[in-house]
>>> print(open('final02.cif').read())   # mmCIF, C-alpha atoms
data_data
loop_
_atom_site.label_atom_id
_atom_site.label_comp_id
_atom_site.auth_asym_id
_atom_site.auth_seq_id
_atom_site.Cartn_x
_atom_site.Cartn_y
_atom_site.Cartn_z
CA MET X 1 5.04 95.34 -36.80
CA PRO X 2 4.60 91.93 -38.46
CA ASP X 3 7.60 90.43 -40.19
CA SER X 4 6.45 89.96 -43.79
CA ARG X 5 8.40 86.74 -44.19
CA SER X 6 6.85 84.72 -41.40
CA GLY X 7 4.16 86.60 -39.52
CA ARG X 8 6.49 86.92 -36.50
CA ARG X 9 6.41 90.25 -34.76
CA ALA X 10 9.72 92.02 -35.12
CA GLY X 11 11.60 93.35 -32.11
CA THR X 12 14.32 95.96 -31.70
CA ARG X 13 16.97 95.50 -34.41
CA CYS X 14 19.98 97.78 -34.26
CA ARG X 15 23.73 97.88 -33.91
CA ALA X 16 24.96 98.06 -30.34
CA SER X 17 27.17 101.01 -31.18
CA GLU X 18 24.10 103.11 -32.04
CA ARG X 19 22.34 102.59 -28.67
CA PRO X 20 19.07 104.38 -29.49
CA TRP X 21 17.43 103.25 -26.24
CA ARG X 22 16.40 105.20 -23.18
CA SER X 23 18.67 105.17 -20.13
CA ALA X 24 18.50 101.95 -18.14
CA PRO X 25 16.74 102.12 -14.77
CA PRO X 26 18.79 101.42 -11.64
CA SER X 27 20.30 97.97 -11.23
CA SER X 28 18.24 95.36 -9.42
CA CYS X 29 21.32 93.20 -8.77
CA ARG X 30 21.91 94.43 -5.23
CA GLY X 31 23.28 91.59 -3.08
CA ALA X 32 23.87 89.27 -6.05
CA ARG X 33 27.36 87.91 -6.70
CA PRO X 34 28.67 87.35 -10.23
CA VAL X 35 31.34 84.71 -10.84
CA SER X 36 33.11 84.51 -14.20
CA ALA X 37 34.95 81.64 -15.88
CA ASP X 38 38.06 83.21 -17.40
CA TRP X 39 39.28 80.28 -19.52
CA LEU X 40 42.93 80.71 -20.54
CA THR X 41 43.80 82.72 -17.43
CA GLY X 42 43.02 79.51 -15.50
CA SER X 43 40.91 81.45 -13.02
CA VAL X 44 37.43 82.34 -11.84
CA THR X 45 36.69 85.91 -10.79
CA PHE X 46 34.35 87.08 -8.03
CA LEU X 47 32.68 90.42 -8.74
CA ASP X 48 30.42 93.11 -7.32
CA ALA X 49 27.18 93.02 -9.33
CA ASP X 50 26.18 96.67 -9.04
CA ARG X 51 29.61 97.90 -10.08
CA LEU X 52 29.73 95.41 -12.95
CA VAL X 53 26.43 96.47 -14.55
CA ALA X 54 26.56 100.19 -13.68
CA ALA X 55 26.81 102.56 -16.63
CA GLY X 56 30.50 103.08 -17.27
CA GLY X 57 31.45 100.24 -14.94
CA THR X 58 34.73 98.37 -15.30
CA LEU X 59 36.17 95.00 -14.39
CA GLU X 60 38.68 96.72 -12.13
CA ALA X 61 35.95 98.52 -10.17
CA ALA X 62 33.84 95.36 -9.83
CA LEU X 63 36.64 92.89 -9.07
CA ILE X 64 36.61 91.33 -5.60
CA GLU X 65 38.94 88.36 -5.97
CA ARG X 66 40.44 86.03 -8.56
CA VAL X 67 40.89 82.33 -7.73
CA VAL X 68 43.28 80.27 -9.87
CA LEU X 69 41.98 76.75 -10.60
CA ALA X 70 44.28 75.57 -13.41
CA LEU X 71 48.03 75.61 -13.91
CA PRO X 72 49.60 76.96 -17.12
CA GLY X 73 49.22 74.40 -19.91
CA GLN X 74 46.08 72.88 -18.40
CA HIS X 75 42.46 73.35 -19.43
CA GLY X 76 41.04 76.50 -17.87
CA PRO X 77 37.53 77.33 -16.62
CA LEU X 78 35.16 77.15 -19.59
CA ASN X 79 31.82 77.25 -17.83
CA VAL X 80 30.41 77.91 -14.37
CA ALA X 81 27.04 77.25 -12.72
CA THR X 82 25.90 77.76 -9.13
CA THR X 83 23.38 76.13 -6.85
CA ALA X 84 20.24 78.12 -6.12
CA ASP X 85 21.15 78.43 -2.43
CA GLY X 86 24.38 80.23 -3.37
CA ARG X 87 26.49 77.61 -1.62
CA LEU X 88 28.47 75.94 -4.40
CA ALA X 89 29.79 76.64 -7.89
CA ILE X 90 30.44 73.89 -10.42
CA VAL X 91 33.31 74.92 -12.70
CA LEU X 92 34.18 73.00 -15.86
CA LEU X 93 37.86 72.93 -16.88
CA SER X 94 37.82 72.32 -20.62
CA GLN X 95 38.54 73.72 -24.08
CA GLY X 96 34.99 72.85 -25.16
CA VAL X 97 34.55 73.07 -28.91
CA MET X 98 37.27 75.68 -29.42
CA ALA X 99 39.58 73.21 -31.14
CA PHE X 100 36.87 72.78 -33.80
CA VAL X 101 35.67 76.38 -34.24
CA GLY X 102 38.53 78.54 -32.97
CA GLY X 103 40.26 78.72 -36.34
CA ARG X 104 37.51 81.10 -37.50
CA PHE X 105 38.84 83.63 -34.99
CA GLY X 106 42.55 83.02 -35.34
CA ILE X 107 42.87 80.58 -32.44
CA ASP X 108 45.66 78.06 -33.04
CA ALA X 109 44.14 74.76 -31.86
CA GLU X 110 47.60 73.21 -31.57
CA ARG X 111 48.48 75.73 -28.85
CA LEU X 112 45.41 75.15 -26.69
CA PRO X 113 45.88 73.32 -23.37
CA ASP X 114 45.33 69.59 -23.78
CA SER X 115 45.32 68.20 -20.24
CA GLY X 116 43.61 68.67 -16.92
CA ALA X 117 39.95 68.46 -17.97
CA ALA X 118 37.90 68.30 -14.78
CA VAL X 119 34.72 69.16 -12.91
CA VAL X 120 35.55 71.37 -9.92
CA VAL X 121 33.21 72.07 -7.00
CA LEU X 122 33.94 75.41 -5.35
CA ASP X 123 32.61 76.63 -1.99
CA LEU X 124 31.31 80.13 -2.70
CA GLU X 125 31.72 81.38 0.86
CA THR X 126 35.30 80.25 1.45
CA ARG X 127 36.19 80.32 -2.29
CA GLN X 128 38.01 77.02 -1.76
CA VAL X 129 37.92 73.89 -3.93
CA VAL X 130 35.99 71.19 -2.06
CA ALA X 131 36.10 68.53 -4.79
CA LYS X 132 37.77 67.97 -8.15
CA PHE X 133 36.82 65.17 -10.55
CA PRO X 134 39.17 64.52 -13.51
CA VAL X 135 37.22 63.89 -16.73
CA ALA X 136 38.37 61.69 -19.61
CA GLY X 137 36.83 64.02 -22.17
CA LEU X 138 35.76 67.64 -22.37
CA PRO X 139 32.97 68.80 -20.04
CA ILE X 140 30.70 71.34 -21.77
CA MET X 141 27.58 72.23 -19.79
CA THR X 142 26.18 71.81 -16.27
CA ALA X 143 22.53 71.40 -15.24
CA ILE X 144 21.71 71.30 -11.53
CA ASP X 145 18.93 69.21 -10.04
CA GLU X 146 18.26 71.45 -7.03
CA GLY X 147 15.86 69.10 -5.25
CA ARG X 148 18.27 66.17 -5.26
CA GLN X 149 21.39 68.34 -4.99
CA ARG X 150 23.00 66.76 -8.02
CA ALA X 151 25.00 68.28 -10.86
CA PHE X 152 24.61 66.80 -14.34
CA VAL X 153 27.50 67.48 -16.74
CA SER X 154 27.63 66.89 -20.49
CA VAL X 155 30.96 65.50 -21.71
CA LEU X 156 31.67 66.20 -25.36
CA GLY X 157 33.40 63.10 -26.66
CA GLY X 158 34.48 63.27 -30.29
CA ARG X 159 35.09 61.38 -33.48
CA GLY X 160 34.89 57.71 -32.60
CA VAL X 161 34.58 58.50 -28.88
CA ASN X 162 31.19 58.58 -27.23
CA GLY X 163 30.08 61.61 -25.30
CA SER X 164 28.36 61.10 -21.98
CA ILE X 165 26.39 62.56 -19.10
CA ALA X 166 28.10 62.46 -15.71
CA VAL X 167 26.19 62.93 -12.44
CA TYR X 168 27.72 64.26 -9.20
CA ASP X 169 26.21 64.22 -5.71
CA LEU X 170 26.81 67.71 -4.29
CA GLN X 171 26.26 66.61 -0.69
CA ALA X 172 28.48 63.51 -0.69
CA LEU X 173 30.83 65.17 -3.22
CA GLU X 174 31.17 62.09 -5.36
CA GLU X 175 30.46 60.96 -8.90
CA ILE X 176 27.47 58.62 -8.83
CA GLU X 177 26.86 57.84 -12.50
CA GLN X 178 28.20 58.29 -16.02
CA VAL X 179 26.15 57.23 -19.02
CA GLU X 180 27.65 57.06 -22.51
CA LEU X 181 25.55 58.25 -25.43
CA VAL X 182 27.01 59.26 -28.80
CA PRO X 183 29.88 61.50 -29.95
CA PHE X 184 29.52 65.25 -29.41
CA ILE X 185 27.18 65.68 -26.46
CA GLU X 186 26.75 69.44 -25.96
CA GLY X 187 23.67 71.14 -24.49
CA LEU X 188 22.17 69.95 -21.21
CA ALA X 189 19.21 71.20 -19.17
CA ILE X 190 16.81 70.25 -16.35
CA ASN X 191 13.40 71.82 -15.86
CA ASP X 192 12.51 73.85 -12.77
CA ALA X 193 10.50 71.02 -11.23
CA GLY X 194 13.33 68.48 -11.59
CA THR X 195 11.08 66.10 -13.54
CA ARG X 196 12.58 66.44 -17.03
CA GLY X 197 16.12 66.50 -18.34
CA ALA X 198 17.35 67.12 -21.88
CA ALA X 199 20.67 66.57 -23.62
CA ILE X 200 21.79 67.27 -27.18
CA GLY X 201 23.86 64.98 -29.37
CA ALA X 202 25.11 67.33 -32.09
CA ALA X 203 24.44 64.98 -35.01
CA ASN X 204 21.77 62.86 -33.33
CA GLY X 205 19.40 65.36 -31.75
CA LEU X 206 17.41 65.63 -28.53
CA TYR X 207 17.52 63.05 -25.74
CA LEU X 208 15.11 63.26 -22.77
CA PHE X 209 15.46 61.68 -19.34
CA ASP X 210 14.10 61.70 -15.80
CA PRO X 211 16.77 63.24 -13.51
CA ALA X 212 15.77 60.77 -10.79
CA ASP X 213 16.76 57.83 -13.04
CA LEU X 214 19.12 58.89 -15.82
CA SER X 215 20.19 55.49 -17.13
CA GLY X 216 16.75 53.94 -16.72
CA SER X 217 14.81 56.67 -18.48
CA LEU X 218 17.12 58.02 -21.20
CA SER X 219 15.57 58.18 -24.69
CA GLN X 220 16.41 55.23 -26.90
CA THR X 221 15.56 57.15 -30.07
CA PRO X 222 16.56 60.84 -30.12
CA LEU X 223 14.51 63.50 -31.89
CA ARG X 224 16.67 64.68 -34.79
CA LEU X 225 16.30 68.39 -35.51
CA ALA X 226 19.24 69.48 -37.70
CA ASP X 227 22.62 68.37 -39.03
CA ASP X 228 24.18 70.02 -35.96
CA SER X 229 22.09 70.81 -32.87
CA SER X 230 23.84 72.36 -29.90
CA GLY X 231 22.24 74.12 -26.92
CA VAL X 232 19.04 73.41 -25.02
CA THR X 233 17.09 75.07 -22.21
CA PHE X 234 13.72 74.50 -20.55
CA ILE X 235 11.40 77.50 -20.64
CA SER X 236 10.95 78.72 -17.06
CA GLY X 237 8.19 76.90 -15.18
CA THR X 238 7.27 74.59 -18.07
CA ASP X 239 7.96 71.26 -19.74
CA ARG X 240 8.65 73.04 -23.03
CA LEU X 241 12.20 73.53 -24.20
CA VAL X 242 14.13 75.46 -26.83
CA VAL X 243 16.94 73.94 -28.89
CA ALA X 244 19.57 75.99 -30.75
CA ASN X 245 20.38 74.40 -34.10
CA SER X 246 23.82 75.40 -35.38
CA ARG X 247 23.76 74.08 -38.93
CA ASN X 248 21.35 72.86 -41.62
CA PRO X 249 19.26 74.62 -40.54
CA SER X 250 20.66 77.39 -38.33
CA ASN X 251 17.59 78.27 -36.26
CA TYR X 252 15.76 77.44 -33.04
CA VAL X 253 12.89 75.07 -32.29
CA VAL X 254 10.40 74.99 -29.42
CA ILE X 255 9.47 71.49 -28.22
CA ASP X 256 6.76 70.24 -25.87
CA ALA X 257 8.35 67.53 -23.70
CA SER X 258 5.28 66.82 -21.56
CA ASP X 259 5.37 63.25 -22.89
CA MET X 260 9.00 62.16 -22.60
CA ASP X 261 8.40 59.30 -25.02
CA ALA X 262 6.88 61.54 -27.69
CA PRO X 263 8.27 65.10 -27.70
CA VAL X 264 6.54 67.40 -30.20
CA VAL X 265 7.96 70.37 -32.14
CA VAL X 266 5.47 73.20 -31.63
CA ASP X 267 7.38 76.09 -33.21
CA GLU X 268 10.40 76.56 -35.47
CA GLY X 269 12.19 79.81 -36.16
CA ASP X 270 13.23 81.07 -39.56
CA ALA X 271 16.73 80.34 -40.87
CA LEU X 272 19.29 82.62 -39.23
CA ASP X 273 22.26 84.37 -40.83
CA ALA X 274 24.65 83.48 -37.99
CA VAL X 275 25.48 80.40 -35.91
CA PRO X 276 23.49 79.63 -32.72
CA PHE X 277 25.26 77.46 -30.17
CA MET X 278 23.89 77.93 -26.65
CA VAL X 279 20.54 79.21 -25.39
CA ALA X 280 19.31 80.19 -21.90
CA ALA X 281 15.95 80.70 -20.22
CA VAL X 282 14.96 83.97 -18.55
CA PRO X 283 13.93 83.16 -14.95
CA HIS X 284 10.22 83.54 -14.08
CA ARG X 285 9.22 84.49 -17.64
CA GLU X 286 8.53 82.44 -20.74
CA GLU X 287 11.44 83.99 -22.60
CA VAL X 288 14.85 82.81 -23.84
CA VAL X 289 18.04 84.47 -25.05
CA MET X 290 20.40 83.19 -27.71
CA PRO X 291 23.70 84.62 -28.99
CA LEU X 292 24.56 84.02 -32.64
CA SER X 293 28.19 83.91 -33.72
CA ARG X 294 29.54 85.63 -36.81
CA ASN X 295 33.18 85.95 -37.85
CA THR X 296 33.53 89.58 -36.72
CA SER X 297 30.33 90.40 -34.83
CA LEU X 298 27.67 88.93 -32.58
CA ARG X 299 23.91 88.87 -33.04
CA PHE X 300 21.74 88.48 -29.93
CA LEU X 301 18.10 87.32 -29.88
CA HIS X 302 15.67 87.78 -26.98
CA LEU X 303 12.46 85.84 -27.61
CA ASP X 304 9.03 85.63 -26.00
CA VAL X 305 8.18 81.93 -26.34
CA SER X 306 4.90 82.08 -24.40
CA GLN X 307 3.05 82.13 -27.72
CA THR X 308 3.30 80.45 -31.12
CA PRO X 309 4.98 81.70 -33.17
CA ALA X 310 7.55 83.15 -30.82
CA ARG X 311 7.82 86.94 -30.67
CA VAL X 312 11.14 88.77 -31.02
CA LEU X 313 11.64 91.17 -28.12
CA HIS X 314 15.16 92.29 -29.02
CA ASP X 315 17.37 91.51 -32.00
CA ILE X 316 20.72 93.21 -31.42
CA GLU X 317 23.87 93.35 -33.52
CA VAL X 318 27.15 93.92 -31.66
CA PRO X 319 29.90 94.89 -34.14
CA ASP X 320 33.64 94.30 -33.97
CA VAL X 321 33.60 91.40 -31.53
CA LEU X 322 35.28 88.00 -31.83
CA THR X 323 33.60 85.14 -30.01
CA PHE X 324 32.04 81.72 -30.27
CA PRO X 325 29.98 81.90 -27.06
CA ALA X 326 30.46 78.83 -24.87
CA ALA X 327 27.54 79.96 -22.70
CA VAL X 328 24.85 82.58 -22.23
CA THR X 329 23.42 83.25 -18.77
CA VAL X 330 20.72 85.48 -17.26
CA SER X 331 20.70 87.18 -13.85
CA PRO X 332 18.23 85.70 -11.33
CA ASP X 333 16.00 88.77 -11.60
CA GLY X 334 15.75 88.37 -15.37
CA ARG X 335 17.20 91.82 -16.04
CA TYR X 336 20.60 91.12 -17.61
CA ALA X 337 22.05 88.52 -19.98
CA PHE X 338 25.80 87.88 -20.08
CA VAL X 339 27.86 86.62 -23.02
CA GLY X 340 31.61 86.13 -22.88
CA ALA X 341 33.58 87.31 -25.90
CA GLU X 342 36.65 85.23 -25.17
CA VAL X 343 38.72 86.11 -28.24
CA SER X 344 38.02 89.85 -27.90
CA ARG X 345 38.64 89.52 -24.14
CA GLU X 346 35.49 91.31 -23.09
CA LEU X 347 32.17 90.65 -21.39
CA LEU X 348 28.95 91.66 -23.15
CA ILE X 349 26.08 92.73 -20.87
CA PHE X 350 22.61 92.90 -22.44
CA ASP X 351 19.81 94.77 -20.68
CA LEU X 352 16.67 92.72 -21.31
CA VAL X 353 14.40 95.64 -20.40
CA ASP X 354 15.59 98.36 -22.74
CA GLY X 355 17.91 96.48 -25.11
CA GLY X 356 21.06 98.34 -24.09
CA VAL X 357 24.48 96.71 -24.41
CA GLN X 358 27.60 97.34 -22.36
CA ARG X 359 31.04 96.00 -23.20
CA ARG X 360 33.57 95.34 -20.44
CA PRO X 361 37.24 94.84 -21.38
CA TRP X 362 38.48 91.80 -19.46
CA LEU X 363 41.79 90.18 -18.54
CA ASP X 364 45.03 89.73 -20.49
CA ASP X 365 44.40 86.24 -21.86
CA MET X 366 41.41 84.78 -23.69
CA GLY X 367 38.22 84.96 -21.66
CA PRO X 368 35.73 85.25 -20.17
CA THR X 369 33.79 82.29 -21.53
CA ALA X 370 30.91 82.40 -19.03
CA LEU X 371 29.54 84.45 -16.15
CA THR X 372 26.86 83.40 -13.68
CA VAL X 373 25.14 85.49 -11.03
CA VAL X 374 24.65 83.93 -7.60
CA PRO X 375 21.39 85.07 -5.93
#
>>> encode(input="final02.cif", output="structure tokens")
Amino acid sequence: MPDSRSGRRAGTRCRASERPWRSAPPSSCRGARPVSADWLTGSVTFLDADRLVAAGGTLEAALIERVVLALPGQHGPLNVATTADGRLAIVLLSQGVMAFVGGRFGIDAERLPDSGAAVVVLDLETRQVVAKFPVAGLPIMTAIDEGRQRAFVSVLGGRGVNGSIAVYDLQALEEIEQVELVPFIEGLAINDAGTRGAAIGAANGLYLFDPADLSGSLSQTPLRLADDSSGVTFISGTDRLVVANSRNPSNYVVIDASDMDAPVVVDEGDALDAVPFMVAAVPHREEVVMPLSRNTSLRFLHLDVSQTPARVLHDIEVPDVLTFPAAVTVSPDGRYAFVGAEVSRELLIFDLVDGGVQRRPWLDDMGPTALTVVP
């Protein structure tokens, strides 16, 4: 049914507690391995995928092993990404933007850990740390250049302190480059082909670069999109990307980055009644997912961006949840999206086929903040 305001086709809009959807078909996660970043517990958790997503599943049933990466009083795991071959995980130890936004949810910023920010490389077979790089700043997001086996990390910076992009060689296990940009670098993404990279300066906008030559190709003039832009992802298999704008306006934009020197906005969503921060692509489909933070609930958008204007596939309201999502991730098969509700201490699992939502109570301290699924 067309949306009378914009001509966009409306998707499923309902409260998660109502669950008016058919039963989900069997899980297609067999053999996959979820890993969660559990923030203030200081740990990452290895899980059984089928038990995690099964109807009525629990953390206790799915748990395989917890690995502690941070001591009490140090920054805990905020985000986690894995290489496509399932060999390594890149874990970011950081408080992210929680010192700025946590007050909305009763987080006392003065009590957050303030030391130990780092990029950790974890061997997924042995579950041992193989490299740890201290960071003079707060790492936020990771984008992996699979062809060159490099991890790109956005480092937030702050008032009067430039943010940056750091690059790590995952074979030599060394930092090879760090390029300063502007304060508040947040979202970061690389396209599937490894030919385009994108980074977001919150107040400055979109920067593009060639992952083969970060410093030599980085945009000199960013594309400004809002007063506060945040997350970015490339649409699977394309040179188009989606940016989540957090404030003035709160919406999303679709951008054609075929010409790195002249990116073009090709679609812009209507103003949203909640705050977008991060956005993720659905593998092998021209779709994206985006959680929207409210003070006491979460709104979740699933969009088909293969056409203009984008089409809403699911628009889901999850009540009684406290979170400012530091990440949103999608399983490799495109079936499930995962959002950590760190203040409520639960994991939200969205079924991208039938729109169902499952809520998993988590550990005893704030987390999880991210979960990734290793193929």
>>> atom_distance(input="final02.cif", atom1="atom CA of X:Gln307", atom2="atom CA of X:Val243")
16.2 Å
>>> residues_around(input="final02.cif", residues="X:Val328", least_positions_apart="4", cutoff="9 Å", atoms="only C-alpha atoms", output="list of chain:residue names")
X:Met278, X:Val279, X:Ala280, X:Val289, X:Met290, X:Pro291, X:Ala337, X:Phe338, X:Val339, X:Gly340, X:Thr369, X:Ala370, X:Leu371, X:Thr372
>>> closest_residue(input="final02.cif", among="X:Arg247, X:Arg51, X:Arg87, X:Arg159", to="X:Asp228", atoms="all atoms listed in the file")
X:Arg247
>>> residues_around(input="final02.cif", residues="X:Pro375", least_positions_apart="2", cutoff="7 Å", atoms="all atoms listed in the file", output="list in words")
Ala32, Arg33, Gly86, Pro332 and Val373 of chain X
>>> residues_around(input="final02.cif", residues="X:Ile190", least_positions_apart="4", cutoff="8 Å", atoms="all atoms listed in the file", output="PyMOL selection string")
chain X and resi 143-145+194-198+211+233-234
>>> atom_distance(input="final02.cif", atom1="atom CA of X:Leu124", atom2="atom CA of X:Arg150")
16.6 Å
>>> resolve_selection(input="final02.cif", expression="the PyMOL selection byres ((chain X and resi 282) around 9)", output="list in words")
Ile235, Ser236, Ala280, Ala281, Pro283, His284, Arg285, Glu286, Glu287, Val288, Val289, Thr329, Val330, Ser331, Pro332, Asp333, Gly334, Arg335 and Ala337 of chain X
>>> resolve_selection(input="final02.cif", expression="the PyMOL selection byres ((chain X and resi 133) around 9)", output="list in words")
Ala117, Ala118, Val119, Val120, Val121, Ala131, Lys132, Pro134, Val135, Glu174 and Glu175 of chain X
>>> residues_around(input="final02.cif", residues="stretch 343-354 of chain X", least_positions_apart="3", cutoff="8 Å", atoms="all atoms listed in the file", output="ChimeraX atom specification")
/X:21-24,53,105,302,314,321-323,334-340,357-368
>>> atom_distance(input="final02.cif", atom1="atom CA of X:Glu146", atom2="atom CA of X:Val253")
26.1 Å
>>> residues_near_point(input="final02.cif", point="(23.1, 66.4, -30.6)", cutoff="12 Å", atoms="all atoms listed in the file", output="ChimeraX atom specification")
/X:154-158,162-164,181-188,198-208,221-232,243-247,277
>>> residues_near_point(input="final02.cif", point="(26.0, 61.7, -5.4)", cutoff="12 Å", atoms="all atoms listed in the file", output="number ranges by chain")
X: 145, 148-152, 166-178, 212
>>> resolve_selection(input="final02.cif", expression="the PyMOL selection byres ((chain X and resi 269) around 8)", output="VMD selection string")
chain X and resid 251 to 253 267 to 268 270 to 271 310
>>> residues_around(input="final02.cif", residues="X:Asp108", least_positions_apart="4", cutoff="10 Å", atoms="all atoms listed in the file", output="list of chain:residue names")
X:Met98, X:Ala99, X:Gly102, X:Gly103, X:Arg104, X:Leu112
>>> closest_residue(input="final02.cif", among="X:Phe46, X:Phe209, X:Phe300, X:Phe100", to="X:Glu125", atoms="all atoms listed in the file")
X:Phe46
